[in-house]
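Structure file structure39.txt; described as compact mmCIF, C-alpha atoms.
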# COMPACT_ATOMS: atom_id res chain seq x y z
CA VAL U 1 -56.43 62.39 21.25
CA ALA U 2 -54.09 59.50 22.07
CA LYS U 3 -55.42 55.95 21.94
CA GLY U 4 -54.90 55.42 25.68
CA GLU U 5 -57.13 58.37 26.53
CA PHE U 6 -60.28 56.61 25.38
CA LEU U 7 -62.06 54.23 27.68
CA GLY U 8 -63.00 50.66 26.99
CA GLU U 9 -66.67 49.65 27.06
CA PHE U 10 -66.49 48.05 30.50
CA GLU U 11 -64.51 51.00 31.87
CA GLN U 12 -67.32 53.29 30.71
CA LEU U 13 -69.93 51.05 32.34
CA VAL U 14 -68.01 51.10 35.62
CA LEU U 15 -67.62 54.88 35.57
CA LEU U 16 -71.30 55.40 34.72
CA ALA U 17 -72.32 53.01 37.52
CA LEU U 18 -70.02 54.94 39.85
CA LEU U 19 -71.87 58.14 38.90
CA ARG U 20 -75.27 56.51 39.41
CA VAL U 21 -74.43 55.03 42.82
CA GLY U 22 -72.94 58.33 43.95
CA GLU U 23 -71.50 58.92 47.41
CA GLY U 24 -70.00 55.84 49.05
CA ALA U 25 -69.90 53.76 45.86
CA TYR U 26 -68.04 50.50 46.40
CA GLY U 27 -67.34 47.40 44.33
CA MET U 28 -70.48 45.38 45.04
CA ALA U 29 -72.79 48.41 44.63
CA ILE U 30 -71.19 49.11 41.24
CA ARG U 31 -71.55 45.44 40.24
CA ARG U 32 -75.26 45.50 41.24
CA GLU U 33 -75.88 48.72 39.28
CA ILE U 34 -74.31 47.29 36.12
CA GLN U 35 -76.31 44.09 36.50
CA ALA U 36 -79.58 45.96 37.07
CA ARG U 37 -79.27 48.56 34.33
CA ALA U 38 -77.12 46.90 31.67
CA GLN U 39 -78.48 43.38 32.35
CA ARG U 40 -74.92 42.19 32.38
CA GLU U 41 -73.76 39.59 34.89
CA VAL U 42 -70.26 40.57 35.96
CA SER U 43 -67.95 39.24 38.63
CA ILE U 44 -66.74 41.28 41.58
CA GLY U 45 -63.17 40.53 40.46
CA ALA U 46 -63.75 42.10 37.05
CA VAL U 47 -65.16 45.22 38.71
CA TYR U 48 -62.21 45.58 41.11
CA ALA U 49 -59.64 44.87 38.39
CA THR U 50 -61.23 47.65 36.29
CA LEU U 51 -61.43 50.06 39.23
CA ASP U 52 -57.77 49.37 39.96
CA ARG U 53 -56.83 50.14 36.35
CA LEU U 54 -58.89 53.34 36.42
CA GLU U 55 -57.26 54.38 39.69
CA GLU U 56 -53.84 53.76 38.19
CA LYS U 57 -54.79 56.07 35.30
CA GLY U 58 -55.95 58.71 37.80
CA LEU U 59 -59.59 58.50 36.70
CA VAL U 60 -60.97 57.40 40.07
CA LYS U 61 -59.71 57.66 43.63
CA SER U 62 -60.44 55.45 46.58
CA ARG U 63 -60.66 55.69 50.34
CA ILE U 64 -60.89 52.96 52.95
CA GLY U 65 -64.05 52.93 55.07
CA GLU U 66 -64.78 51.47 58.49
CA PRO U 67 -64.92 47.69 59.05
CA THR U 68 -68.46 46.38 59.67
CA ASP U 69 -69.94 43.15 61.08
CA PRO U 70 -71.82 41.95 57.96
CA ARG U 71 -68.51 42.17 56.10
CA GLY U 72 -66.78 39.90 58.61
CA GLY U 73 -64.99 42.90 60.16
CA ARG U 74 -63.44 43.88 56.83
CA ALA U 75 -63.18 47.47 55.66
CA LYS U 76 -65.04 48.78 52.62
CA LYS U 77 -63.22 50.54 49.79
CA CYS U 78 -65.19 53.49 48.43
CA PHE U 79 -64.54 55.10 45.05
CA THR U 80 -65.16 58.54 43.56
CA MET U 81 -64.55 59.83 40.05
CA THR U 82 -61.83 62.44 39.56
CA GLY U 83 -61.99 65.41 37.19
CA ALA U 84 -59.79 63.53 34.74
CA GLY U 85 -62.23 60.59 34.95
CA ALA U 86 -65.20 62.84 34.15
CA ARG U 87 -63.35 64.31 31.15
CA ALA U 88 -62.33 60.86 29.86
CA LEU U 89 -65.91 59.60 30.16
CA GLU U 90 -67.29 62.64 28.38
CA ARG U 91 -64.71 62.23 25.59
CA SER U 92 -65.61 58.57 25.09
CA GLN U 93 -69.35 59.28 25.11
CA GLN U 94 -68.82 62.14 22.67
CA ALA U 95 -66.92 59.80 20.33
CA VAL U 96 -69.81 57.32 20.36
CA ARG U 97 -72.38 60.10 19.76
CA GLN U 98 -70.38 61.40 16.80
CA MET U 99 -70.09 57.92 15.32
CA LEU U 100 -73.87 57.49 15.59
CA GLU U 101 -74.63 60.83 13.98
CA GLY U 102 -76.35 60.50 10.62
CA LEU U 103 -77.04 56.79 11.00
CA PRO U 104 -80.59 55.39 10.66
CA ALA U 105 -82.84 55.56 13.73
CA ARG U 106 -82.20 51.88 14.46
CA TRP U 107 -78.65 52.79 15.45
CA ASN U 108 -79.40 56.21 16.78
CA PRO U 109 -82.48 56.18 19.07
CA ALA U 110 -81.90 59.86 19.96
CA ARG U 111 -82.99 60.94 16.49
CA MET K 1 -70.09 31.04 67.50
CA ASN K 2 -73.55 29.48 67.30
CA ASP K 3 -74.85 27.02 64.72
CA GLU K 4 -76.73 29.63 62.72
CA THR K 5 -73.61 31.75 62.33
CA ASN K 6 -71.70 28.71 61.13
CA VAL K 7 -74.35 27.86 58.56
CA ILE K 8 -74.25 31.24 56.84
CA GLN K 9 -70.48 31.40 56.47
CA PRO K 10 -69.27 31.61 52.86
CA PRO K 11 -67.57 28.49 51.43
CA ARG K 12 -64.17 28.38 53.12
CA PHE K 13 -62.11 26.97 50.26
CA ALA K 14 -63.48 29.50 47.75
CA GLU K 15 -62.79 32.30 50.23
CA TRP K 16 -59.24 31.05 50.81
CA LEU K 17 -58.59 30.68 47.09
CA LEU K 18 -59.72 34.23 46.36
CA ALA K 19 -57.69 35.58 49.29
CA GLN K 20 -54.54 34.15 47.66
CA SER K 21 -54.89 36.50 44.69
CA LEU K 22 -55.37 39.62 46.83
CA GLN K 23 -53.60 41.43 49.59
CA GLY K 24 -54.05 44.22 52.12
CA ALA K 25 -56.93 46.62 51.66
CA ASP K 26 -57.96 44.97 48.40
CA ARG K 27 -58.34 41.60 50.06
CA ASP K 28 -60.58 43.13 52.73
CA ALA K 29 -62.58 45.07 50.14
CA VAL K 30 -63.30 42.16 47.79
CA LEU K 31 -63.85 39.47 50.45
CA GLY K 32 -65.91 41.90 52.55
CA ASP K 33 -68.11 42.84 49.57
CA LEU K 34 -68.72 39.18 48.78
CA GLN K 35 -69.47 38.26 52.40
CA GLU K 36 -71.84 41.20 52.83
CA GLU K 37 -73.76 40.29 49.68
CA PHE K 38 -73.73 36.60 50.67
CA THR K 39 -75.05 37.08 54.22
CA THR K 40 -77.37 40.06 53.81
CA CYS K 41 -78.82 39.64 50.31
CA ILE K 42 -78.38 36.28 48.60
CA ALA K 43 -78.69 33.84 51.54
CA PRO K 44 -81.84 35.43 53.10
CA SER K 45 -83.67 35.81 49.78
CA ARG K 46 -82.59 32.73 47.81
CA GLY K 47 -81.41 30.24 50.42
CA ILE K 48 -78.03 29.10 51.63
CA ALA K 49 -77.41 26.51 48.91
CA VAL K 50 -77.96 29.07 46.15
CA ALA K 51 -75.89 31.62 48.07
CA ARG K 52 -73.00 29.19 48.34
CA TRP K 53 -73.24 28.40 44.62
CA TRP K 54 -73.35 32.14 43.85
CA TYR K 55 -70.26 32.73 46.03
CA ARG K 56 -68.27 29.94 44.36
CA GLN K 57 -69.31 31.19 40.94
CA GLN K 58 -68.20 34.74 41.81
CA VAL K 59 -64.83 33.45 43.00
CA ALA K 60 -64.33 31.26 39.92
CA ARG K 61 -65.15 34.15 37.61
CA SER K 62 -63.11 36.66 39.61
CA LEU K 63 -59.85 34.73 39.58
CA VAL K 64 -59.15 35.26 35.88
CA PRO K 65 -59.44 39.09 35.83
CA LEU K 66 -57.61 39.38 39.15
CA CYS K 67 -54.76 37.13 37.97
CA ILE K 68 -54.49 38.96 34.65
CA ARG K 69 -54.32 42.22 36.57
CA ALA K 70 -51.68 40.78 38.89
CA TRP K 71 -49.71 39.51 35.92
CA ARG K 72 -49.73 42.92 34.25
CA ARG K 73 -48.60 44.61 37.42
CA ALA K 74 -45.82 42.13 38.10
CA SER K 75 -42.52 42.32 36.24
CA VAL K 76 -42.09 39.91 33.32
CA ALA K 77 -39.30 38.10 35.18
CA ARG K 78 -41.38 37.58 38.31
CA ALA K 79 -44.38 36.51 36.27
CA SER K 80 -42.23 33.94 34.43
CA VAL K 81 -40.91 32.58 37.73
CA ALA K 82 -44.48 32.31 39.02
CA CYS K 83 -45.53 30.42 35.89
CA ALA K 84 -42.56 28.07 36.18
CA ALA K 85 -43.24 27.47 39.89
CA ALA K 86 -46.85 26.54 39.18
CA GLY K 87 -45.79 24.24 36.34
CA LEU K 88 -43.08 22.52 38.37
CA ALA K 89 -45.24 22.10 41.45
CA THR K 90 -47.90 20.43 39.33
CA GLY K 91 -45.85 18.53 36.78
CA LEU K 92 -43.05 17.09 38.88
CA PRO K 93 -45.13 15.02 41.33
CA ALA K 94 -47.34 13.85 38.48
CA THR K 95 -44.34 12.67 36.45
CA LEU K 96 -42.80 10.91 39.47
CA LEU K 97 -46.04 9.11 40.20
CA LEU K 98 -46.48 8.00 36.60
CA THR K 99 -42.95 6.61 36.62
CA LEU K 100 -43.58 4.84 39.93
CA ARG K 101 -46.83 3.43 38.59
CA SER K 102 -45.12 1.98 35.51
CA PHE K 103 -42.41 0.48 37.70
CA VAL K 104 -44.84 -1.15 40.17
CA LEU K 105 -47.02 -2.55 37.37
CA GLN K 106 -43.96 -4.28 35.95
CA GLN K 107 -43.09 -5.81 39.34
CA VAL K 108 -46.57 -7.16 40.17
CA PRO K 109 -47.55 -9.56 37.40
CA LEU K 110 -50.20 -11.38 39.49
CA LYS K 111 -52.31 -8.31 40.08
CA THR K 112 -54.57 -7.36 37.27
CA THR K 113 -53.61 -4.16 35.56
CA ALA K 114 -57.11 -2.75 36.14
CA ASP K 115 -56.91 -3.16 39.94
CA VAL K 116 -53.53 -1.51 40.23
CA SER K 117 -54.43 1.16 37.72
CA ALA K 118 -57.53 2.20 39.65
CA ALA K 119 -55.60 2.57 42.88
CA PHE K 120 -52.82 4.51 41.21
CA ALA K 121 -55.21 6.64 39.21
CA ALA K 122 -56.93 7.68 42.45
CA ALA K 123 -53.60 8.45 44.15
CA LEU K 124 -52.38 10.26 41.07
CA LEU K 125 -55.50 12.40 40.86
CA ALA K 126 -55.30 13.30 44.55
CA ILE K 127 -51.64 14.28 44.35
CA VAL K 128 -52.06 16.21 41.11
CA ALA K 129 -55.01 18.12 42.60
CA LEU K 130 -53.01 18.90 45.73
CA SER K 131 -49.99 19.92 43.65
CA LEU K 132 -52.16 22.10 41.44
CA VAL K 133 -53.61 23.98 44.41
CA THR K 134 -50.13 24.37 45.94
CA GLY K 135 -48.60 25.43 42.63
CA VAL K 136 -51.28 27.99 41.85
CA SER K 137 -51.12 29.30 45.41
CA CYS K 138 -47.30 29.70 45.18
CA ALA K 139 -47.61 31.40 41.80
CA LEU K 140 -50.21 33.85 43.09
CA ARG K 141 -48.08 34.67 46.12
CA LEU K 142 -45.07 35.26 43.87
CA LEU K 143 -47.10 37.47 41.56
CA ARG K 144 -48.53 39.60 44.29
CA SER K 145 -45.24 39.90 46.18
CA GLY K 146 -43.81 41.87 43.26
CA SER K 147 -46.86 43.84 42.32
CA GLY K 148 -47.25 45.94 45.45
CA SER K 149 -51.01 45.57 45.31
CA VAL K 150 -52.86 43.02 43.28
CA ARG K 151 -56.42 44.07 42.86
Translate this file's structure into structure tokens.
Amino acid sequence: VAKGEFLGEFEQLVLLALLRVGEGAYGMAIRREIQARAQREVSIGAVYATLDRLEEKGLVKSRIGEPTDPRGGRAKKCFTMTGAGARALERSQQAVRQMLEGLPARWNPAR
Amino acid sequence: MNDETNVIQPPRFAEWLLAQSLQGADRDAVLGDLQEEFTTCIAPSRGIAVARWWYRQQVARSLVPLCIRAWRRASVARASVACAAAGLATGLPATLLLTLRSFVLQQVPLKTTADVSAAFAAALLAIVALSLVTGVSCALRLLRSGSGSVR
């Protein structure tokens, strides 16, 4: 598998948050999910920069929603994971699982 | 627009600064997300002062990843021009003012150096700050003009 086909740590977090949020996932919802579950304070810019990179790789796709009043009349951008995105995430998670295999329980809570 | 609506507006300068690094649908998406979180979540639960601080912090922390992304998407040539524009817009006025300051200090022997220095230091700081904002703004516009979409 080529180097570029693996995902970085933050890319994996963004894709997993995208899965958790589900239908209508957008930047701020993804940021909130990462903050709540990974206890990691991230900026909205970092989330959008990552989503943009993932979209460029064909791992997510976006659609523009309707403008709303609380957003100052600005449209929302919603994201969904593509098949290639799901495969890339699975590959990266598999790589981590294989690296953990055989290690003491401290490193491998699944044991 | 009533007073209450005015009070819960996000900080204008931070909003403007962030808008400079974005365009089109991405600008709407990022600024809209921030405004929605600001007005519907942070301000009602934690107060306007905290919400404004949160907004400014988000903008400050967002600029770096967004600019890096813009840089990567822009061609090397355009990115170099943007860097040079920012440097020139900041450095040139500062150099001119420093030269002017040295010249005036030589011509006014009766004034104490401290008095003149304080006045010039204040003017210098103001002009450098203004130049910096202009330079960075120009650089961001240059970057995003060549990148199609800077997200």
>> I want to know what sits within 10 Å of Arg52 in chain K, based on only C-alpha atoms, with residues of the same chain fewer than 6 positions away left out; could you give that as an MDAnalysis selection string?
In response: chainID K and resid 8:11 14 38 42:43 58
Go ahead and save the residues from that selection, with C-alpha atoms, as a tab-separated table (two decimals), keeping the file's coordinate frame.
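That gives us again_24.tsv:
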chain	number	residue	atom	x	y	z
K	8	ILE	CA	-74.25	31.24	56.84
K	9	GLN	CA	-70.48	31.40	56.47
K	10	PRO	CA	-69.27	31.61	52.86
K	11	PRO	CA	-67.57	28.49	51.43
K	14	ALA	CA	-63.48	29.50	47.75
K	38	PHE	CA	-73.73	36.60	50.67
K	42	ILE	CA	-78.38	36.28	48.60
K	43	ALA	CA	-78.69	33.84	51.54
K	58	GLN	CA	-68.20	34.74	41.81
Report the centre and edge lengths, in Å to one decimal, of an axis-aligned box enclosing every atom of range 40-59 of chain U listed in the file, padded by 5 Å on each side, as JSON.
{"center_x": -64.4, "center_y": 49.0, "center_z": 37.0, "size_x": 31.1, "size_y": 29.5, "size_z": 19.2}
> Which residues, written as a ChimeraX atom specification, have at least one atom at most 12 Å from Ala38 in chain U, with only C-alpha atoms counted and residues fewer than 6 positions away on the same chain left out?
Replying inline: /U:9-10,12-14,16-17,30-32
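Distance annotation: of K:Ala126, K:Leu63, K:Val104, K:Ala49, the residue with the minimal separation from Glu15 in chain K is K:Leu63; atom set is only C-alpha atoms.
Selecting by distance to (-58.0, 42.5, 40.2) with a limit of 10 Å and using only C-alpha atoms, one obtains Ile44, Gly45, Ala46, Val47, Tyr48, Ala49, Thr50, Leu51, Asp52 and Arg53 of chain U; Ser21, Leu22, Asp26, Arg27, Val30, Ser62, Leu63, Val64, Pro65, Leu66, Cys67, Ile68, Arg69, Ala70, Trp71, Ser149, Val150 and Arg151 of chain K.
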Contacts from chain U to chain K, 6 Å maximum, all atoms listed in the file: show me the residue list as a PDB file with C-alpha atoms, in the frame of the given file.
ATOM      1  CA  MET U  28     -70.480  45.380  45.040  1.00  0.00           C
ATOM      2  CA  SER U  43     -67.950  39.240  38.630  1.00  0.00           C
ATOM      3  CA  GLY U  45     -63.170  40.530  40.460  1.00  0.00           C
ATOM      4  CA  ALA U  46     -63.750  42.100  37.050  1.00  0.00           C
ATOM      5  CA  ALA U  49     -59.640  44.870  38.390  1.00  0.00           C
ATOM      6  CA  PRO U  70     -71.820  41.950  57.960  1.00  0.00           C
ATOM      7  CA  ARG U  71     -68.510  42.170  56.100  1.00  0.00           C
ATOM      8  CA  ARG U  74     -63.440  43.880  56.830  1.00  0.00           C
ATOM      9  CA  ALA U  75     -63.180  47.470  55.660  1.00  0.00           C
ATOM     10  CA  LYS U  76     -65.040  48.780  52.620  1.00  0.00           C
ATOM     11  CA  LYS U  77     -63.220  50.540  49.790  1.00  0.00           C
TER      12      LYS U  77
END
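Across the model, the gap from CA of Arg20 in chain U to CA of Ala36 in chain U is 11.6 Å.
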